[in-house]
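One file, data-v1.cif, is given below (mmCIF, C-alpha atoms).
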data_data
loop_
_atom_site.label_atom_id
_atom_site.label_comp_id
_atom_site.auth_asym_id
_atom_site.auth_seq_id
_atom_site.Cartn_x
_atom_site.Cartn_y
_atom_site.Cartn_z
CA MET A 1 23.94 -4.02 143.65
CA ARG A 2 25.46 -7.37 142.72
CA PRO A 3 23.53 -9.54 140.26
CA VAL A 4 25.55 -12.66 141.01
CA GLY A 5 26.77 -14.74 143.92
CA PRO A 6 30.34 -15.85 144.59
CA ALA A 7 32.25 -16.38 141.37
CA LEU A 8 32.73 -19.90 140.05
CA ARG A 9 36.26 -20.77 138.98
CA LEU A 10 36.71 -22.65 135.75
CA SER A 11 39.80 -23.96 133.98
CA ALA A 12 40.36 -22.82 130.39
CA PRO A 13 39.76 -26.33 128.92
CA ALA A 14 36.53 -26.66 130.92
CA ALA A 15 35.45 -23.20 129.75
CA ARG A 16 36.06 -24.20 126.13
CA ARG A 17 34.05 -27.41 126.52
CA PHE A 18 31.31 -25.43 128.23
CA LEU A 19 31.08 -22.96 125.34
CA VAL A 20 31.03 -25.69 122.69
CA ARG A 21 28.20 -27.37 124.58
CA VAL A 22 25.99 -24.39 125.45
CA LEU A 23 26.44 -22.80 122.02
CA GLY A 24 24.74 -25.81 120.45
CA LEU A 25 27.78 -27.39 118.82
CA ALA A 26 27.89 -30.59 120.88
CA ARG A 27 24.23 -31.58 120.68
CA PRO A 28 22.08 -30.08 117.91
CA HIS A 29 18.74 -28.42 118.53
CA ARG A 30 15.69 -30.28 117.29
CA SER A 31 14.42 -27.39 115.12
CA VAL A 32 15.10 -23.87 113.90
CA ALA A 33 12.53 -22.61 116.42
CA ALA A 34 14.40 -24.27 119.28
CA ALA A 35 17.70 -22.75 118.11
CA LEU A 36 16.15 -19.26 117.95
CA ALA A 37 14.65 -19.68 121.41
CA HIS A 38 18.03 -20.72 122.80
CA HIS A 39 20.29 -18.19 121.06
CA GLY A 40 17.89 -15.23 120.94
CA PHE A 41 18.55 -14.49 117.26
CA VAL A 42 20.52 -15.66 114.23
CA GLN A 43 22.41 -13.11 112.14
CA LEU A 44 21.57 -12.84 108.44
CA ASP A 45 23.99 -11.96 105.68
CA PRO A 46 23.46 -11.90 101.90
CA ILE A 47 26.99 -12.91 100.84
CA ASN A 48 26.98 -16.40 99.39
CA VAL A 49 30.46 -17.75 98.73
CA CYS A 50 30.05 -21.20 100.28
CA GLY A 51 26.58 -20.81 101.79
CA ARG A 52 25.13 -17.78 103.53
CA MET A 53 26.15 -16.82 107.07
CA HIS A 54 22.89 -17.85 108.76
CA ASP A 55 22.88 -21.24 107.04
CA LEU A 56 26.52 -21.85 108.01
CA ILE A 57 25.68 -20.97 111.63
CA LEU A 58 22.61 -23.21 111.84
CA ARG A 59 23.84 -26.23 109.90
CA ASN A 60 26.11 -27.04 112.88
CA ARG A 61 23.30 -26.47 115.41
CA VAL A 62 20.01 -27.85 114.05
CA ALA A 63 19.42 -31.53 113.37
CA GLY A 64 18.75 -32.17 109.68
CA TYR A 65 19.16 -28.51 108.74
CA ARG A 66 18.99 -27.80 105.00
CA GLU A 67 20.25 -24.77 103.13
CA GLY A 68 17.52 -22.11 103.26
CA ASP A 69 15.63 -23.56 106.23
CA LEU A 70 15.88 -20.35 108.25
CA LEU A 71 14.15 -18.33 105.53
CA ARG A 72 11.51 -21.06 105.17
CA HIS A 73 10.93 -20.86 108.93
CA LEU A 74 10.73 -17.07 108.69
CA HIS A 75 8.65 -16.54 105.56
CA GLY A 76 6.93 -19.89 105.08
CA PRO A 77 7.83 -23.08 103.18
CA ASP A 78 7.02 -21.51 99.82
CA HIS A 79 8.70 -18.12 100.33
CA GLY A 80 9.80 -16.48 97.11
CA PRO A 81 7.71 -15.41 94.10
CA GLY A 82 4.45 -16.43 95.79
CA PRO A 83 2.34 -14.39 98.25
CA PRO A 84 3.86 -13.54 101.64
CA LEU A 85 3.02 -15.55 104.72
CA ARG A 86 -0.21 -14.46 106.45
CA PRO A 87 0.40 -12.59 109.74
CA GLY A 88 -1.32 -15.22 111.86
CA LEU A 89 1.05 -17.92 110.59
CA ARG A 90 4.26 -16.00 111.15
CA VAL A 91 6.55 -17.29 113.94
CA ALA A 92 9.63 -15.09 113.48
CA VAL A 93 10.60 -11.65 112.22
CA GLU A 94 13.76 -10.17 110.69
CA VAL A 95 14.94 -6.77 111.88
CA HIS A 96 18.22 -5.16 112.88
CA ALA A 97 19.51 -6.27 116.26
CA PRO A 98 19.09 -3.47 118.84
CA GLY A 99 22.14 -1.24 119.04
CA SER A 100 23.78 -2.62 115.90
CA GLY A 101 23.59 -2.64 112.12
CA ASN A 102 23.31 -6.44 112.00
CA LEU A 103 20.22 -7.89 110.35
CA ALA A 104 18.93 -10.90 112.26
CA VAL A 105 15.98 -13.26 112.69
CA PHE A 106 14.21 -13.15 116.06
CA PRO A 107 11.33 -15.16 117.54
CA LEU A 108 8.10 -13.15 117.54
CA GLU A 109 8.04 -12.65 121.31
CA ALA A 110 11.03 -10.30 120.96
CA TRP A 111 8.96 -7.83 118.91
CA PRO A 112 8.01 -5.29 121.65
CA TYR A 113 11.69 -4.82 122.51
CA LEU A 114 12.71 -4.62 118.86
CA ALA A 115 9.96 -2.08 118.14
CA HIS A 116 11.14 -0.01 121.11
CA ALA A 117 14.65 0.16 119.61
CA MET A 118 13.35 1.03 116.13
CA GLU A 119 11.10 3.81 117.42
CA ALA A 120 14.01 5.28 119.38
CA ARG A 121 16.18 5.16 116.26
CA ALA A 122 13.51 7.01 114.25
CA GLN A 123 13.72 9.93 116.70
CA ARG A 124 17.49 10.08 116.82
CA ARG A 125 19.00 13.24 115.41
CA GLY A 126 22.02 12.85 113.18
CA GLY A 127 23.54 9.71 111.75
CA TRP A 128 22.54 7.90 108.58
CA GLY A 129 19.65 5.91 110.03
CA GLY A 130 18.13 8.56 112.28
CA ARG A 131 15.20 10.93 111.84
CA LEU A 132 14.10 11.51 108.24
CA SER A 133 14.62 14.87 106.60
CA ARG A 134 11.61 16.80 105.27
CA ALA A 135 12.39 15.67 101.73
CA GLU A 136 12.68 12.05 102.86
CA GLU A 137 9.39 12.30 104.74
CA ARG A 138 7.63 13.58 101.61
CA LEU A 139 8.99 10.64 99.61
CA ALA A 140 8.07 8.28 102.47
CA ARG A 141 4.41 9.32 102.31
CA ARG A 142 4.35 8.53 98.58
CA VAL A 143 6.12 5.18 98.97
CA LEU A 144 3.99 4.04 101.92
CA GLN A 145 0.82 4.92 100.03
CA GLU A 146 2.05 2.94 97.03
CA ILE A 147 2.67 -0.11 99.23
CA GLU A 148 -0.77 0.37 100.82
CA ASP A 149 -2.41 0.43 97.40
CA ARG A 150 -0.37 -2.17 95.52
CA GLY A 151 0.68 -4.59 98.25
CA PRO A 152 4.21 -5.90 99.03
CA LEU A 153 6.89 -4.26 96.88
CA SER A 154 10.62 -4.49 96.32
CA THR A 155 12.65 -1.41 95.50
CA ASP A 156 12.60 -2.41 91.83
CA ASP A 157 8.79 -2.28 91.83
CA ILE A 158 8.72 1.47 92.61
CA ASP A 159 9.31 3.94 89.79
CA HIS A 160 11.53 6.72 91.12
CA HIS A 161 14.86 7.81 89.68
CA GLY A 162 16.20 10.13 92.39
CA ARG A 163 19.67 9.51 93.83
CA THR A 164 21.04 9.97 97.34
CA THR A 165 23.85 8.88 99.67
CA THR A 166 23.83 5.30 100.93
CA ALA A 167 25.09 3.97 104.26
CA TRP A 168 28.40 3.24 102.52
CA GLY A 169 28.84 6.87 101.45
CA THR A 170 28.24 6.05 97.78
CA GLN A 171 25.40 7.18 95.53
CA GLY A 172 22.34 4.96 95.19
CA ARG A 173 18.63 5.01 94.38
CA ALA A 174 16.74 7.28 96.77
CA VAL A 175 13.83 4.81 97.03
CA LYS A 176 16.12 1.96 98.04
CA VAL A 177 17.84 4.10 100.69
CA LEU A 178 14.51 5.40 101.98
CA LEU A 179 13.01 1.91 102.32
CA GLU A 180 16.10 0.80 104.23
CA LYS A 181 15.54 3.70 106.65
CA LEU A 182 11.80 3.02 106.96
CA PHE A 183 12.71 -0.58 107.75
CA LEU A 184 15.17 0.58 110.43
CA HIS A 185 12.33 2.65 111.93
CA GLY A 186 9.77 -0.18 111.81
CA ARG A 187 7.48 1.65 109.38
CA VAL A 188 7.86 -1.19 106.87
CA LEU A 189 8.90 -4.78 107.43
CA ILE A 190 10.25 -7.51 105.18
CA ALA A 191 7.24 -9.58 104.17
CA THR A 192 9.16 -12.11 102.07
CA ARG A 193 12.20 -12.41 99.84
CA ARG A 194 12.61 -13.11 96.15
CA GLY A 195 15.87 -14.98 96.05
CA PHE A 196 17.45 -12.87 98.75
CA ARG A 197 15.93 -9.56 97.60
CA ARG A 198 13.77 -7.84 100.20
CA VAL A 199 10.04 -7.39 99.59
CA TYR A 200 8.56 -4.79 101.94
CA ASP A 201 5.06 -4.41 103.33
CA LEU A 202 3.30 -2.47 106.06
CA PRO A 203 3.66 -3.86 109.61
CA HIS A 204 -0.05 -4.64 110.06
CA ARG A 205 0.10 -6.95 107.02
CA VAL A 206 3.20 -8.75 108.28
CA LEU A 207 2.74 -9.22 112.04
CA PRO A 208 -0.21 -10.44 114.11
CA ALA A 209 -2.34 -7.60 115.52
CA ARG A 210 -1.72 -8.76 119.10
CA LEU A 211 1.99 -8.03 118.69
CA LEU A 212 1.44 -4.60 117.22
CA ARG A 213 -0.86 -3.76 120.15
CA ALA A 214 1.56 -5.07 122.78
CA PRO A 215 2.75 -2.39 125.23
CA ARG A 216 6.26 -1.11 124.75
CA PRO A 217 8.81 -1.92 127.46
CA SER A 218 10.19 0.77 129.75
CA PRO A 219 13.72 2.05 129.03
CA GLU A 220 14.98 -0.13 131.92
CA GLU A 221 13.22 -3.22 130.56
CA ALA A 222 14.62 -2.54 127.08
CA ALA A 223 18.15 -2.18 128.46
CA ARG A 224 17.75 -5.46 130.39
CA PHE A 225 16.58 -7.18 127.20
CA ARG A 226 19.63 -5.97 125.24
CA ALA A 227 22.09 -7.05 127.95
CA HIS A 228 20.39 -10.43 128.34
CA LEU A 229 20.29 -10.93 124.57
CA ARG A 230 24.06 -10.51 124.27
CA ILE A 231 24.68 -13.22 126.87
CA ARG A 232 22.10 -15.54 125.29
CA GLN A 233 23.93 -15.18 121.98
CA ARG A 234 27.47 -15.84 123.31
CA ARG A 235 26.83 -17.57 126.70
CA LEU A 236 30.11 -16.41 128.33
CA VAL A 237 30.57 -12.65 128.25
CA ALA A 238 32.59 -9.92 129.92
CA VAL A 239 30.09 -7.12 130.58
CA ARG A 240 30.49 -3.53 131.59
CA ARG A 241 30.00 -2.75 135.27
CA ALA A 242 26.98 -0.57 134.49
CA GLU A 243 25.23 -3.53 132.83
CA ARG A 244 25.53 -5.90 135.77
CA PRO A 245 22.56 -4.58 137.79
CA LEU A 246 20.37 -5.07 134.69
CA LEU A 247 21.06 -8.80 134.80
CA GLU A 248 20.16 -9.46 138.44
CA GLY A 249 18.74 -12.95 138.86
CA LEU A 250 19.75 -14.09 135.38
CA VAL A 251 23.50 -14.61 135.54
CA GLN A 252 26.42 -16.09 137.44
CA GLU A 253 29.96 -14.72 137.58
CA VAL A 254 32.68 -17.01 136.25
CA ARG A 255 36.44 -16.63 136.65
CA VAL A 256 38.76 -18.22 134.09
CA ASP A 257 42.52 -17.73 134.21
CA GLY A 258 43.62 -15.28 131.56
CA LEU A 259 40.15 -13.75 131.11
CA PRO A 260 38.47 -10.75 132.70
CA PRO A 261 35.53 -11.62 135.01
CA CYS A 262 32.75 -13.05 132.87
CA LEU A 263 29.07 -13.80 133.27
CA CYS A 264 27.13 -16.85 132.15
CA LEU A 265 23.40 -17.54 132.35
CA ARG A 266 22.15 -19.31 135.45
CA GLU A 267 20.18 -21.63 133.20
CA ASP A 268 23.55 -22.87 131.89
CA LEU A 269 24.95 -23.70 135.34
CA PRO A 270 24.35 -27.48 135.06
CA ALA A 271 26.51 -27.57 131.92
CA LEU A 272 29.11 -25.30 133.50
CA GLU A 273 29.34 -27.42 136.65
CA ALA A 274 29.72 -30.58 134.58
CA ASP A 275 32.59 -29.11 132.60
CA ARG A 276 34.24 -27.64 135.69
CA ALA A 277 34.26 -31.10 137.24
CA ALA A 278 35.46 -32.90 134.10
CA LEU A 279 39.06 -34.05 134.41
CA GLY A 280 39.87 -35.69 131.13
CA GLY A 281 39.93 -34.98 127.45
CA ASP A 282 36.85 -37.00 126.68
CA ALA A 283 35.32 -34.33 124.50
CA SER A 284 34.49 -35.29 120.94
CA GLN A 285 37.29 -34.51 118.50
CA ALA A 286 34.91 -33.95 115.60
CA VAL A 287 36.14 -31.36 113.10
CA ARG A 288 33.66 -28.66 112.11
CA LEU A 289 33.83 -25.70 109.74
CA LEU A 290 32.30 -22.70 111.49
CA ALA A 291 30.67 -19.62 110.03
CA PRO A 292 32.89 -16.51 109.99
CA LEU A 293 30.53 -14.78 112.47
CA ASP A 294 29.71 -17.90 114.47
CA PRO A 295 28.82 -17.05 118.10
CA LEU A 296 31.82 -19.10 119.24
CA VAL A 297 34.28 -16.72 117.53
CA TYR A 298 32.29 -13.47 117.43
CA ASP A 299 34.01 -11.97 120.48
CA ARG A 300 37.56 -11.71 119.11
CA ARG A 301 39.16 -10.87 122.46
CA LEU A 302 37.61 -13.79 124.30
CA THR A 303 38.36 -16.12 121.39
CA ALA A 304 42.02 -15.08 121.36
CA ALA A 305 42.40 -15.36 125.15
CA LEU A 306 40.51 -18.62 125.65
CA PHE A 307 41.30 -20.51 122.44
CA GLY A 308 44.61 -18.90 121.48
CA PHE A 309 43.04 -18.11 118.11
CA ASP A 310 43.12 -14.65 116.55
CA TYR A 311 40.56 -14.45 113.77
CA THR A 312 39.02 -11.67 111.71
CA TRP A 313 36.42 -12.00 108.97
CA GLU A 314 38.12 -10.33 106.01
CA VAL A 315 35.23 -9.79 103.62
CA TYR A 316 35.55 -6.01 104.06
CA THR A 317 39.35 -5.99 104.30
CA PRO A 318 41.18 -4.69 101.18
CA PRO A 319 42.60 -7.66 99.24
CA ALA A 320 46.22 -6.61 99.79
CA ARG A 321 45.73 -6.72 103.58
CA ARG A 322 43.96 -10.08 103.80
CA LEU A 323 45.79 -12.76 105.76
CA ARG A 324 43.24 -15.59 105.58
CA GLY A 325 41.13 -14.98 102.49
CA TYR A 326 37.90 -13.30 101.48
CA TYR A 327 35.61 -15.84 103.20
CA ALA A 328 37.71 -18.10 105.42
CA LEU A 329 35.95 -20.46 107.84
CA PRO A 330 37.42 -21.20 111.30
CA VAL A 331 38.14 -24.88 111.93
CA LEU A 332 36.96 -26.35 115.25
CA CYS A 333 38.40 -29.68 116.41
CA GLY A 334 36.67 -30.81 119.60
CA ASP A 335 37.13 -27.81 121.89
CA ARG A 336 40.12 -26.33 120.00
CA LEU A 337 40.17 -23.80 117.18
CA VAL A 338 42.94 -25.16 114.98
CA GLY A 339 43.05 -22.99 111.87
CA HIS A 340 40.98 -21.86 108.94
CA LEU A 341 40.27 -22.71 105.33
CA GLU A 342 38.66 -20.76 102.51
CA PRO A 343 36.04 -22.64 100.47
CA ARG A 344 34.27 -21.41 97.37
CA ALA A 345 31.19 -22.97 95.83
CA ASP A 346 31.48 -23.33 92.06
CA ARG A 347 27.80 -24.02 91.46
CA GLN A 348 28.15 -24.00 87.68
CA ARG A 349 30.54 -26.96 87.87
CA GLY A 350 28.84 -28.46 90.91
CA ARG A 351 31.90 -28.54 93.14
CA LEU A 352 33.32 -27.01 96.30
CA GLU A 353 36.85 -25.68 95.92
CA ILE A 354 39.30 -24.92 98.72
CA LEU A 355 41.24 -21.79 97.79
CA SER A 356 43.52 -21.75 100.82
CA ARG A 357 43.94 -23.57 104.12
CA ARG A 358 46.04 -23.29 107.22
CA VAL A 359 45.28 -25.97 109.78
CA ALA A 360 47.25 -27.43 112.69
CA ARG A 361 49.37 -30.42 111.83
CA GLY A 362 47.63 -33.73 112.44
CA VAL A 363 44.07 -32.40 112.04
CA GLY A 364 42.25 -33.88 109.08
CA VAL A 365 39.60 -31.69 107.46
CA ALA A 366 38.55 -33.89 104.51
CA ALA A 367 35.41 -35.20 106.22
CA ALA A 368 34.35 -31.68 107.25
CA VAL A 369 34.84 -30.42 103.68
CA ARG A 370 32.78 -33.34 102.32
CA GLU A 371 30.06 -32.52 104.84
CA LEU A 372 29.94 -28.88 103.75
CA ALA A 373 29.93 -29.87 100.09
CA ALA A 374 27.02 -32.27 100.67
CA PHE A 375 25.12 -29.55 102.54
CA LEU A 376 25.51 -27.27 99.50
CA GLY A 377 24.62 -30.04 97.05
CA LEU A 378 28.15 -30.06 95.62
CA ARG A 379 31.11 -32.41 95.47
CA PRO A 380 34.56 -31.53 96.83
CA ALA A 381 37.07 -30.56 94.17
CA ARG A 382 39.74 -33.21 93.83
CA GLY A 383 42.51 -32.58 96.32
CA GLY A 384 40.58 -29.66 97.79
CA ALA A 385 40.41 -31.10 101.30
CA GLU A 386 44.12 -31.57 101.89
CA VAL A 387 45.70 -30.11 105.00
CA ALA A 388 48.45 -27.53 104.63
CA PRO A 389 52.00 -28.92 104.70
CA PRO A 390 53.71 -29.64 108.04
CA GLY A 391 54.82 -26.53 109.85
CA HIS A 392 51.67 -24.59 108.99
CA GLY A 393 50.03 -24.26 112.39
CA PRO A 394 46.94 -22.29 113.39
CA ALA A 395 46.92 -18.79 112.03
CA SER A 396 47.72 -15.85 114.29
CA PRO A 397 46.95 -12.96 111.96
CA ARG A 398 47.24 -9.34 112.99
CA GLY A 399 45.10 -6.34 112.30
CA ARG A 400 41.75 -4.89 113.23
CA PRO A 401 38.42 -6.29 111.98
CA SER A 402 36.66 -4.43 109.22
CA GLN A 403 32.89 -4.10 109.64
CA ALA A 404 30.05 -2.89 107.48
CA PRO A 405 28.87 0.64 108.27
CA LEU A 406 26.23 0.87 110.97
CA PRO A 407 22.95 2.50 110.02
#
Could you render the structure from this file as structure tokens?
Amino acid sequence: MRPVGPALRLSAPAARRFLVRVLGLARPHRSVAAALAHHGFVQLDPINVCGRMHDLILRNRVAGYREGDLLRHLHGPDHGPGPPLRPGLRVAVEVHAPGSGNLAVFPLEAWPYLAHAMEARAQRRGGWGGRLSRAEERLARRVLQEIEDRGPLSTDDIDHHGRTTTAWGTQGRAVKVLLEKLFLHGRVLIATRRGFRRVYDLPHRVLPARLLRAPRPSPEEAARFRAHLRIRQRRLVAVRRAERPLLEGLVQEVRVDGLPPCLCLREDLPALEADRAALGGDASQAVRLLAPLDPLVYDRRLTAALFGFDYTWEVYTPPARRLRGYYALPVLCGDRLVGHLEPRADRQRGRLEILSRRVARGVGVAAAVRELAAFLGLRPARGGAEVAPPGHGPASPRGRPSQAPLP
């Protein structure tokens, strides 16, 4: 069964312009809700060196986006020490993306598919995030009852001093590890955050009842959702042959020189046709600083083949092996990835420092650095926006990416 018609052929420059456009970098979305509807989800990450991952992703994609707007959209405008948002007012939910260990924010309509994945994980034998042991189940009954009686709780609110193995293989508080597993299984959800600390509650006090009563998808429908979600997130994807029948009616095959056969969404065909027909270099040459896990660079193989840019997020790479820096941001100029720089927010002094930079000759990044600094409520450190000396072209580092452990 073929899910697509005859393949469309696209030049590499047209494919790059197409991706910049359909990934929301050429024309911003009007709201966080519109961005979530378009991309399917936005990945969350707690590390805050120069803004958190989700804020760095959305500041380039949502008109007027402010730091923290995603969490305000998720948990209400006054999320934090106050009471959690009432279920009937909630418009989004944060859970782990199906099939991965990545925490992300999804629109509410994704819930039945997310719940299907969590319930399957809870029955999985073996692995850190699978079925609970008898001892864990006994502790779970106590913890769930305490949440039922006391209301939303963080791990610090529960008095228990037992220790156990974390997802990283280290020793940690048993209650914290258990709540992470109950969250993976959908038995608790994040009701709000204090700072960025999770506050858990029972699902019926977080989500509208209609969602909790919604029928679960079939295994085939769940697999179709996962395959579709990956293409919604990246917009041009090489998929496994077995996945293609799942996407029938949703996608179009695209051939680009130097790439394996790829699929795009049929809803994106108008943008693809426009870029295939474009002859000149009339694309904006605006310089942007992207998030390390921005959808444009998330697929390292496609990014290297299409943009000639080999990039790895090195947060989990041992310092001696880092080639870019702890939290280096890719630099996008028009439809070209031209290097990277490593900012650090010094919030005590109110300034944004640039620890290292390696950018193609002739590309000015000062305006992009000022824009990031303003977004963070800081000022650029003097001289911090300079481009590397001539001869320092785009980086072509080697090595494999290091990822956090998957639950």
Could you list, with a cut-off of 12 Å and counting only C-alpha atoms, the residues of stretch 202-266 of chain A near stretch 143-156 of chain A, each shown with its nearest atom pair and the distance in Å rounded to one decimal, rows sorted by chain and ascending number, as a Markdown table?
| residue | atom | partner | partner_atom | distance |
| --- | --- | --- | --- | --- |
| A:Leu202 | CA | A:Glu148 | CA | 7.2 |
| A:Pro203 | CA | A:Glu148 | CA | 10.7 |
| A:His204 | CA | A:Glu148 | CA | 10.5 |
| A:Arg205 | CA | A:Pro152 | CA | 9.0 |
| A:Val206 | CA | A:Pro152 | CA | 9.7 |
For each of A:Gln233, A:Ser100, A:Gln348, A:Gln123, take the minimum atom-to-atom distance to A:His185, counting all atoms listed in the file, then give the residue where this is smallest.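 Among A:Gln233, A:Ser100, A:Gln348, A:Gln123, it is A:Gln123 that comes nearest to A:His185.
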Tell me which protein, DNA and RNA residues are within 12 Å of stretch 242-248 of chain A, counting all atoms listed in the file, leaving out same-chain ones fewer than 4 positions away, and put them as a PyMOL selection string. chain A and resi 1-5+219-232+237-238+252-253+261-266
Pairwise distance, atom CA of A:Phe307 with atom CA of A:Leu44, equals 25.4 Å
How many Å separate atom CA of A:His340 from atom CA of A:Arg52?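 Interatomic distance, atom CA of A:His340 to atom CA of A:Arg52: 17.2 Å.
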Of the listed residues A:Phe183, A:Tyr326, A:Phe309, A:Tyr65, that which approaches A:Leu372 most closely, counting all atoms listed in the file: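 Closest residue, counting all atoms listed in the file: A:Tyr65.
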Could you pull the residues within 9 Å of A:Gly186, counting only C-alpha atoms, minus those fewer than 3 positions along the same chain, as a PDB file with C-alpha atoms, in the coordinates of the input?
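As a result, out_17.pdb now contains:
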ATOM      1  CA  VAL A  95      14.940  -6.770 111.880  1.00  0.00           C
ATOM      2  CA  LEU A 114      12.710  -4.620 118.860  1.00  0.00           C
ATOM      3  CA  ALA A 115       9.960  -2.080 118.140  1.00  0.00           C
ATOM      4  CA  MET A 118      13.350   1.030 116.130  1.00  0.00           C
ATOM      5  CA  GLU A 119      11.100   3.810 117.420  1.00  0.00           C
ATOM      6  CA  ALA A 122      13.510   7.010 114.250  1.00  0.00           C
ATOM      7  CA  LYS A 181      15.540   3.700 106.650  1.00  0.00           C
ATOM      8  CA  LEU A 182      11.800   3.020 106.960  1.00  0.00           C
ATOM      9  CA  PHE A 183      12.710  -0.580 107.750  1.00  0.00           C
ATOM     10  CA  LEU A 189       8.900  -4.780 107.430  1.00  0.00           C
ATOM     11  CA  LEU A 202       3.300  -2.470 106.060  1.00  0.00           C
ATOM     12  CA  PRO A 203       3.660  -3.860 109.610  1.00  0.00           C
TER      13      PRO A 203
END
Name the residues in contact with A:Val331 at a cut-off of 10 Å, using all atoms listed in the file, excluding same-chain residues fewer than 3 positions from it; report them as a list in words. Val287, Arg288, Leu289, Leu290, Ala291, Ala328, Gly334, Arg336, Leu337, Val338, Gly339, His340, Leu341, Arg357, Arg358, Val359, Ala360, Val363, Val365, Ala368 and Pro394 of chain A
Selection: 8 Å around A:Arg163, all atoms listed in the file, excl. self and same-chain fewer than 2 positions, as a count of residues only: 6
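Here atom CA of A:Leu85 and atom CA of A:Asp294 stand 28.5 Å from one another.
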Enumerate, as a PyMOL selection string, the residues matched when the PyMOL selection byres ((chain A and resi 374) around 12) is run on the file above. chain A and resi 50-51+59+65-67+345+350-352+367-373+375-380
Atom completion result for stretch 132-144 of chain A (N, CA and C atoms) as an mmCIF file, in the coordinates of the input:
data_model
loop_
_atom_site.group_PDB
_atom_site.id
_atom_site.type_symbol
_atom_site.label_atom_id
_atom_site.label_comp_id
_atom_site.auth_asym_id
_atom_site.auth_seq_id
_atom_site.Cartn_x
_atom_site.Cartn_y
_atom_site.Cartn_z
ATOM 1 N N LEU A 132 14.151 11.158 109.653
ATOM 2 C CA LEU A 132 14.100 11.510 108.240
ATOM 3 C C LEU A 132 14.098 13.024 108.061
ATOM 4 N N SER A 133 14.695 13.457 106.968
ATOM 5 C CA SER A 133 14.620 14.870 106.600
ATOM 6 C C SER A 133 13.217 15.153 106.048
ATOM 7 N N ARG A 134 12.909 16.435 105.831
ATOM 8 C CA ARG A 134 11.610 16.800 105.270
ATOM 9 C C ARG A 134 11.419 16.197 103.882
ATOM 10 N N ALA A 135 12.481 16.232 103.085
ATOM 11 C CA ALA A 135 12.390 15.670 101.730
ATOM 12 C C ALA A 135 12.167 14.159 101.803
ATOM 13 N N GLU A 136 12.863 13.495 102.707
ATOM 14 C CA GLU A 136 12.680 12.050 102.860
ATOM 15 C C GLU A 136 11.269 11.738 103.346
ATOM 16 N N GLU A 137 10.735 12.557 104.237
ATOM 17 C CA GLU A 137 9.390 12.300 104.740
ATOM 18 C C GLU A 137 8.358 12.472 103.638
ATOM 19 N N ARG A 138 8.554 13.428 102.741
ATOM 20 C CA ARG A 138 7.630 13.580 101.610
ATOM 21 C C ARG A 138 7.661 12.349 100.712
ATOM 22 N N LEU A 139 8.887 11.853 100.427
ATOM 23 C CA LEU A 139 8.990 10.640 99.610
ATOM 24 C C LEU A 139 8.425 9.441 100.354
ATOM 25 N N ALA A 140 8.596 9.394 101.669
ATOM 26 C CA ALA A 140 8.070 8.280 102.470
ATOM 27 C C ALA A 140 6.552 8.201 102.351
ATOM 28 N N ARG A 141 5.875 9.338 102.411
ATOM 29 C CA ARG A 141 4.410 9.320 102.310
ATOM 30 C C ARG A 141 3.976 8.721 100.974
ATOM 31 N N ARG A 142 4.692 9.073 99.900
ATOM 32 C CA ARG A 142 4.350 8.530 98.580
ATOM 33 C C ARG A 142 4.603 7.012 98.534
ATOM 34 N N VAL A 143 5.764 6.593 99.039
ATOM 35 C CA VAL A 143 6.120 5.180 98.970
ATOM 36 C C VAL A 143 5.185 4.337 99.838
ATOM 37 N N LEU A 144 4.886 4.797 101.038
ATOM 38 C CA LEU A 144 3.990 4.040 101.920
ATOM 39 C C LEU A 144 2.592 3.931 101.322
#
